[in-house]
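Read the structure below first, then the notes.
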Amino acid sequence: MTDSLVLLDHSADGVLRAPVRELVTLGRTLGTVHGVWPADGAEPDAQTLADLGALGVARVHRLSSTGDLHVAAVLAEALADLLDATGAGLLLATSSFENKEVAAQLAVLTGAGVVTDADGLAVEGDGLVASKTVFAGTWNTRCAITSPLAIVTLKANSITVEPAEQGGTPDLVEHASTASAAAQRVTVVERTERPASGRPDLGSAHVVVAGGRGTEGDFTLVEELADVLGGAVGATRVATDEGWIGHDAQIGQTGVTISPRLYIGVGVSGAVHHRGGMQASGTIVAINSDPDAPIFEIADYGIVGDLNEVLPALSAELRRLRA
Amino acid sequence: MRIVVCVKHVPDIQSDRALGEGGRVVRDGGDGTLNELDENALEAALVLAEEVGGEVVALTVGPDDAVDAVRKGLQMGADEAVHVVDDAIGGSDVVGTARVLAAAITHIGATDPVDLVVLGMAGLDGLTSLLPSALAALLDVPALPLAAEVTVADGSVRVRRNLDHATEVLEASLPAVVSVTDQANQPRYPNFKGMMAARKKPVTTLGLADLGIAPADVGTTGARTAVVAAAPRPARENRVLVNGGSEAGVQLAAYLVENKLA
C-alpha cells in the first residue's frame with residue numbers, strides 16, 4: 001500500500017482540471033488518497049469537495065504558504081513539508097509544465113524518484129512501477145522507482161475515471177507552510193490565465209481535431225467538426241506560426257502533447273515535430289489531399305481527398321447518425 | 001557577463017530511435033546530433049552576450065561523441081567548451097545528470113563567476129523538461145524555465161512564458177538558470193568563418209574526479225528510477241486508406257460511430 005498526495009490543479013476560479021479525476025482514480029488503487037489544494041487565491045466549493053469525496057479522496061489539505069504558490073520552488077517546499085506531515089509515499093500530479101518544474105525541485109529537496117508523462121502506475125514487489133511511452137509514442141517502457149518517495153506526473157486520458165465504491169465527504173484541513181528566502185527569489189511579475197474557450201482543454205480532451213497547412217488558414221470546418229464531436233481544436237506549428245490560430249493550440253514536442261481517444265488531422269502532413277505530440281493517440285484519422293503525406297504512415301484511417309468535400313459530409317453525417 | 005549553455009547530444013528524431021540495455025537510449029547509431037532546442041538556448045545566450053557583453057561557455061555531459069554538441073556550439077559562436085565524460089555517468093537519471101552539470105558549472109565559475117545558465121526547454125530524447133529546474137535547485141539559484149522571451153538588465157533576468165493555461169512574466173536576480181522554448185528565437189546557422197574559428201577554440205575535457213563527484217552518486221547506482229522493460233510499440237493493425245470526397249466523409253462517420261468514437 002502506498003498512500004498518495006494528489007495535487008488538485010484548478011483554474012483561477014476554482015474549477016478542478018479534468019485530469020485530476022484520473023489521478024484520484026489511480027491513487028485509490030494504491031492506498032489512501034489525500035488531496036492537496038494549493039491556496040493560491042481560489043477555494044474549493046462544496047460541490048468540488050463532494051466530487052472529490054465521491055472519487056474516494058479521504059482528506060483535502062488546504063496548503064498555504066508565506067510565499068507565492070505560483071513559484072515552483074515555493075510550492076515544492078510546501079509539498080515537501082506536507083509529504084512529511086502526512087507520511088504519503090507518492091505525489092501524483094498532472095503532466096503540466098508547471099507541475100514538472102515543481103516535481104524537479106521537489107526531487108532535489110526530498111531525494112524522490114520522478115517519472116513524468118506516465119500512463120499507468122502499480123505496486124510491484126515493494127516498490128512502484130510506472131508505465132510510459134517514449135520516442136513520440138513509438139516505444140513502451142516500464143520504469144521502477146527505487147527511492148522511498150515517488151513523484152509521478154500522469155499523462156491525460158490514461159485512466160478511466162470511476163467513482164469509488166464507498167465515497168464520502170473529505171475532511172478539509174489547513175496546512176500552513178513557511179517559504180524560505182531562497183525559494184522566494186523568483187517573482188511572478190505578471191500572470192494572466194487564458195479564459196476558457198467553451199471547448200474541452202486541448203491537453204486532456206477525449207477528441208481532438210487538428211488543422212494544418214492544408215486548411216490554408218480557414219479553421220471553420222475544423223471547428224465545426226470539433227464541435228460536432230465535443231472535442232478540442234489543435235493545430236500544427238505551421239498553422240500557429242502563420243497566425244491562423246493561437247500558439248496555445250500547437251500540438252507537438254514543444255507544444256501540447258496529446259493522447260486523446262480520437263485524433264483527426266485535417267490537412268496535416270505529419271511532420272516529425274507534430275507526430276511527437278500526438279502519435280500516442282488512441283485512433284488516428286488523417287484527411288489530406290497529398291497521398292504521400294507522412295501522417296498516412298501512422299493513421300488508422302486515412303482519406304486522400306479534399307477536406308472541403310470530406311469535412312462537411314462527415315459533420316453532416318455524424319449529426320444525422322446521432323439524431 | 002559569463003553565460004554557460006548546457007547542450008546535449010541526442011539521437012536524431014528523424015532516425016529510428018531505440019532503447020538498449022538497462023533502458024538506456026542507444027547513442028552509438030551514428031545518428032547523433034545537437035538537441036535542436038539547445039540551438040535556441042545557444043542563440044539566446046549569444047544574443048545576450050552580444051547585447052550586454054560577455055562570454056559564452058558551451059557545456060555538455062556524455063560519451064565521446066557528445067563533444068560534437070559543444071563543437072556545434074563553438075561554431076555558432078560560443079567562446080569555449082567543456083565536455084564532461086566518465087564511464088560512471090552512464091545510466092544517470094535526471095537528478096544525477098543535473099548533479100554533474102551543477103558541479104561542472106561550479107568548476108567553470110571557480111575562476112570567473114557564472115551569471116547565467118541557459119538550457120533548451122527539453123531534450124528531444126527524454127522530453128521530461130525536468131533538468132533546468134533540478135539544476136537550479138542543486139546550484140541553489142532561481143529557476144526561470146520555458147522562456148519565450150528573455151531579457152537581462154541591471155543584474156536581473158526577466159522571462160515571458162506561455163504555460164498550459166496561463167501566460168507569466170517571471171523575474172529574479174542573477175545568477176539564475178533559464179530554459180528557452182523554440183518560440184524564443186531563430187537560431188543562426190554556423191557560417192564558414194564560424195566553423196574555421198571554432199577549430200581554434202578550447203575544449204576542456206573533465207572527469208568525475210575533476211569535479212569531486214563520487215561515481216556511486218551518479219550513474220545507475222545513484223539513480224532513483226530504473227527502466228525495467230522497454231519494447232517498440234506494436235504496429236497499428238487493420239488500417240484503412242481510401243480515396244474520395246464527400247462519400248469518404250460519410251463512410252468515416254459510420255466508422256467513428258461503429259467504433260464508439262463519436
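In the C-alpha cells, chains take the letters A, B, ... in the order shown, each chain's residues start at 1, and ligands count up from 1 in the order shown.
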Would you kindly return, as number ranges by chain, each protein, DNA or RNA residue with an atom no farther than 10 Å from any atom of Gly32 in chain B, considering only C-alpha atoms and excluding same-chain residues fewer than 4 positions away? B: 8-13, 15, 26-28, 65-66, 68-69
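Proximity to range 44-49 of chain B at 9 Å, evaluated using only C-alpha atoms and with sequence-adjacent residues fewer than 2 positions away removed, yields B:Met1, B:Arg2, B:Ile3, B:Val4, B:Val5, B:Glu39, B:Asn40, B:Ala41, B:Leu42, B:Glu51, B:Val52, B:Gly53, B:Gly54, B:Glu55, B:Val56, B:Met76, B:Gly77, B:Ala78, B:Leu116, B:Val117, B:Val118, B:Glu149, B:Val150, B:Thr151, B:Val152, B:Val180, B:Ala184, B:Asn185, B:Pro187.
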Please produce, as JSON lines, a per-residue contact table for chain A versus chain B (criterion: any atom at most 6 Å away, only C-alpha atoms considered), showing the nearest atom pair and its distance in Å to one decimal, sorted by chain then residue number.
{"residue": "A:Glu101", "atom": "CA", "partner": "B:Ser133", "partner_atom": "CA", "distance": 5.6}
{"residue": "A:Ala104", "atom": "CA", "partner": "B:Ala134", "partner_atom": "CA", "distance": 4.9}
{"residue": "A:Gln105", "atom": "CA", "partner": "B:Ala134", "partner_atom": "CA", "distance": 5.4}
{"residue": "A:Gly113", "atom": "CA", "partner": "B:Arg224", "partner_atom": "CA", "distance": 4.7}
{"residue": "A:Thr138", "atom": "CA", "partner": "B:Arg233", "partner_atom": "CA", "distance": 5.3}
{"residue": "A:Trp139", "atom": "CA", "partner": "B:Pro232", "partner_atom": "CA", "distance": 4.2}
{"residue": "A:Asn140", "atom": "CA", "partner": "B:Ala231", "partner_atom": "CA", "distance": 5.5}
{"residue": "A:Thr141", "atom": "CA", "partner": "B:Ala230", "partner_atom": "CA", "distance": 4.2}
{"residue": "A:Arg142", "atom": "CA", "partner": "B:Ala229", "partner_atom": "CA", "distance": 5.1}
{"residue": "A:Cys143", "atom": "CA", "partner": "B:Val227", "partner_atom": "CA", "distance": 4.2}
{"residue": "A:Ala144", "atom": "CA", "partner": "B:Ala226", "partner_atom": "CA", "distance": 5.2}
{"residue": "A:Ile145", "atom": "CA", "partner": "B:Thr225", "partner_atom": "CA", "distance": 4.4}
{"residue": "A:Thr146", "atom": "CA", "partner": "B:Arg224", "partner_atom": "CA", "distance": 5.1}
{"residue": "A:Ser147", "atom": "CA", "partner": "B:Arg224", "partner_atom": "CA", "distance": 5.3}
{"residue": "A:Arg185", "atom": "CA", "partner": "B:Ala172", "partner_atom": "CA", "distance": 5.9}
{"residue": "A:Val186", "atom": "CA", "partner": "B:Ala172", "partner_atom": "CA", "distance": 4.9}
{"residue": "A:Thr187", "atom": "CA", "partner": "B:Glu171", "partner_atom": "CA", "distance": 5.2}
{"residue": "A:Val188", "atom": "CA", "partner": "B:Leu170", "partner_atom": "CA", "distance": 4.7}
{"residue": "A:Val189", "atom": "CA", "partner": "B:Val169", "partner_atom": "CA", "distance": 5.3}
{"residue": "A:Glu190", "atom": "CA", "partner": "B:Val169", "partner_atom": "CA", "distance": 5.0}
{"residue": "A:Arg191", "atom": "CA", "partner": "B:Glu168", "partner_atom": "CA", "distance": 4.4}
{"residue": "A:Thr192", "atom": "CA", "partner": "B:Thr167", "partner_atom": "CA", "distance": 5.2}
{"residue": "A:Glu193", "atom": "CA", "partner": "B:Ala166", "partner_atom": "CA", "distance": 4.0}
{"residue": "A:Arg194", "atom": "CA", "partner": "B:Ala166", "partner_atom": "CA", "distance": 5.3}
{"residue": "A:Asp300", "atom": "CA", "partner": "B:Arg239", "partner_atom": "CA", "distance": 4.6}
{"residue": "A:Tyr301", "atom": "CA", "partner": "B:Val240", "partner_atom": "CA", "distance": 4.7}
{"residue": "A:Gly302", "atom": "CA", "partner": "B:Leu241", "partner_atom": "CA", "distance": 4.5}
{"residue": "A:Ile303", "atom": "CA", "partner": "B:Val242", "partner_atom": "CA", "distance": 5.0}
{"residue": "A:Val304", "atom": "CA", "partner": "B:Asn243", "partner_atom": "CA", "distance": 4.7}
{"residue": "A:Gly305", "atom": "CA", "partner": "B:Gly244", "partner_atom": "CA", "distance": 5.2}
{"residue": "A:Glu309", "atom": "CA", "partner": "B:Ser246", "partner_atom": "CA", "distance": 5.0}
{"residue": "A:Val310", "atom": "CA", "partner": "B:Gly249", "partner_atom": "CA", "distance": 4.5}
{"residue": "A:Ala313", "atom": "CA", "partner": "B:Ser246", "partner_atom": "CA", "distance": 5.1}
{"residue": "A:Leu314", "atom": "CA", "partner": "B:Gly249", "partner_atom": "CA", "distance": 4.3}
{"residue": "A:Glu317", "atom": "CA", "partner": "B:Val250", "partner_atom": "CA", "distance": 5.8}
{"residue": "A:Leu318", "atom": "CA", "partner": "B:Ala253", "partner_atom": "CA", "distance": 5.5}
DSSP strand (DSSP E) selection over range 108-284 of chain A, as an MDAnalysis selection string: chainID A and resid 113:118 120:124 127:134 139:145 150:154 171:177 187:193 207:211 232:235 262:266 283:284
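For the pair CA of Phe192 in chain B and CA of Asn35 in chain B, the separation is 21.4 Å.
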Write down as an mmCIF file with C-alpha atoms, in the first residue's frame the residues of range 191-238 of chain B whose backbone DSSP state falls under helix (DSSP H, G or I).
data_model
loop_
_atom_site.group_PDB
_atom_site.id
_atom_site.type_symbol
_atom_site.label_atom_id
_atom_site.label_comp_id
_atom_site.auth_asym_id
_atom_site.auth_seq_id
_atom_site.Cartn_x
_atom_site.Cartn_y
_atom_site.Cartn_z
ATOM 1 C CA PHE B 192 32.308 29.195 -42.834
ATOM 2 C CA LYS B 193 34.158 31.775 -40.751
ATOM 3 C CA GLY B 194 32.470 30.470 -37.605
ATOM 4 C CA MET B 195 33.437 26.917 -38.450
ATOM 5 C CA MET B 196 37.066 27.849 -39.056
ATOM 6 C CA ALA B 197 37.226 29.905 -35.857
ATOM 7 C CA ALA B 198 35.694 27.039 -33.855
ATOM 8 C CA ARG B 199 38.692 24.848 -34.623
ATOM 9 C CA LEU B 208 34.085 12.996 -12.262
ATOM 10 C CA ALA B 209 37.328 13.142 -10.230
ATOM 11 C CA ASP B 210 37.979 16.693 -11.503
ATOM 12 C CA LEU B 211 34.527 17.668 -10.248
ATOM 13 C CA PRO B 215 30.974 7.688 -9.006
ATOM 14 C CA ALA B 216 28.318 5.997 -6.804
ATOM 15 C CA ASP B 217 26.340 9.260 -6.572
ATOM 16 C CA GLY B 219 25.063 6.561 -12.979
ATOM 17 C CA THR B 220 22.751 3.636 -12.343
ATOM 18 C CA THR B 221 23.800 3.339 -8.667
ATOM 19 C CA GLY B 222 22.876 6.957 -7.954
#
Please report the interatomic distance between CA of Asp64 in chain B and CA of His83 in chain B in Å with one decimal. 8.8 Å
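Interatomic distance, CA of Ala299 in chain A to CA of Asn157 in chain A: 19.2 Å.
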Produce a table with one row for each residue of range 180-219 of chain A that has an atom at most 6 Å from any atom of range 236-260 of chain A, each row naming the nearest atom pair and its distance in Å at one decimal; use only C-alpha atoms; arrange rows by chain and rising residue number; format as CSV.
residue,atom,partner,partner_atom,distance
A:Gly203,CA,A:Ile258,CA,5.4
A:His206,CA,A:Pro260,CA,4.5
A:Val207,CA,A:Pro260,CA,5.5
A:Gly212,CA,A:Thr236,CA,5.2
A:Gly217,CA,A:Trp244,CA,5.3
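Closest approach to Asp79 in chain B among B:Gly96, B:Val57, B:Pro63, B:Asn191: B:Val57, based on only C-alpha atoms.
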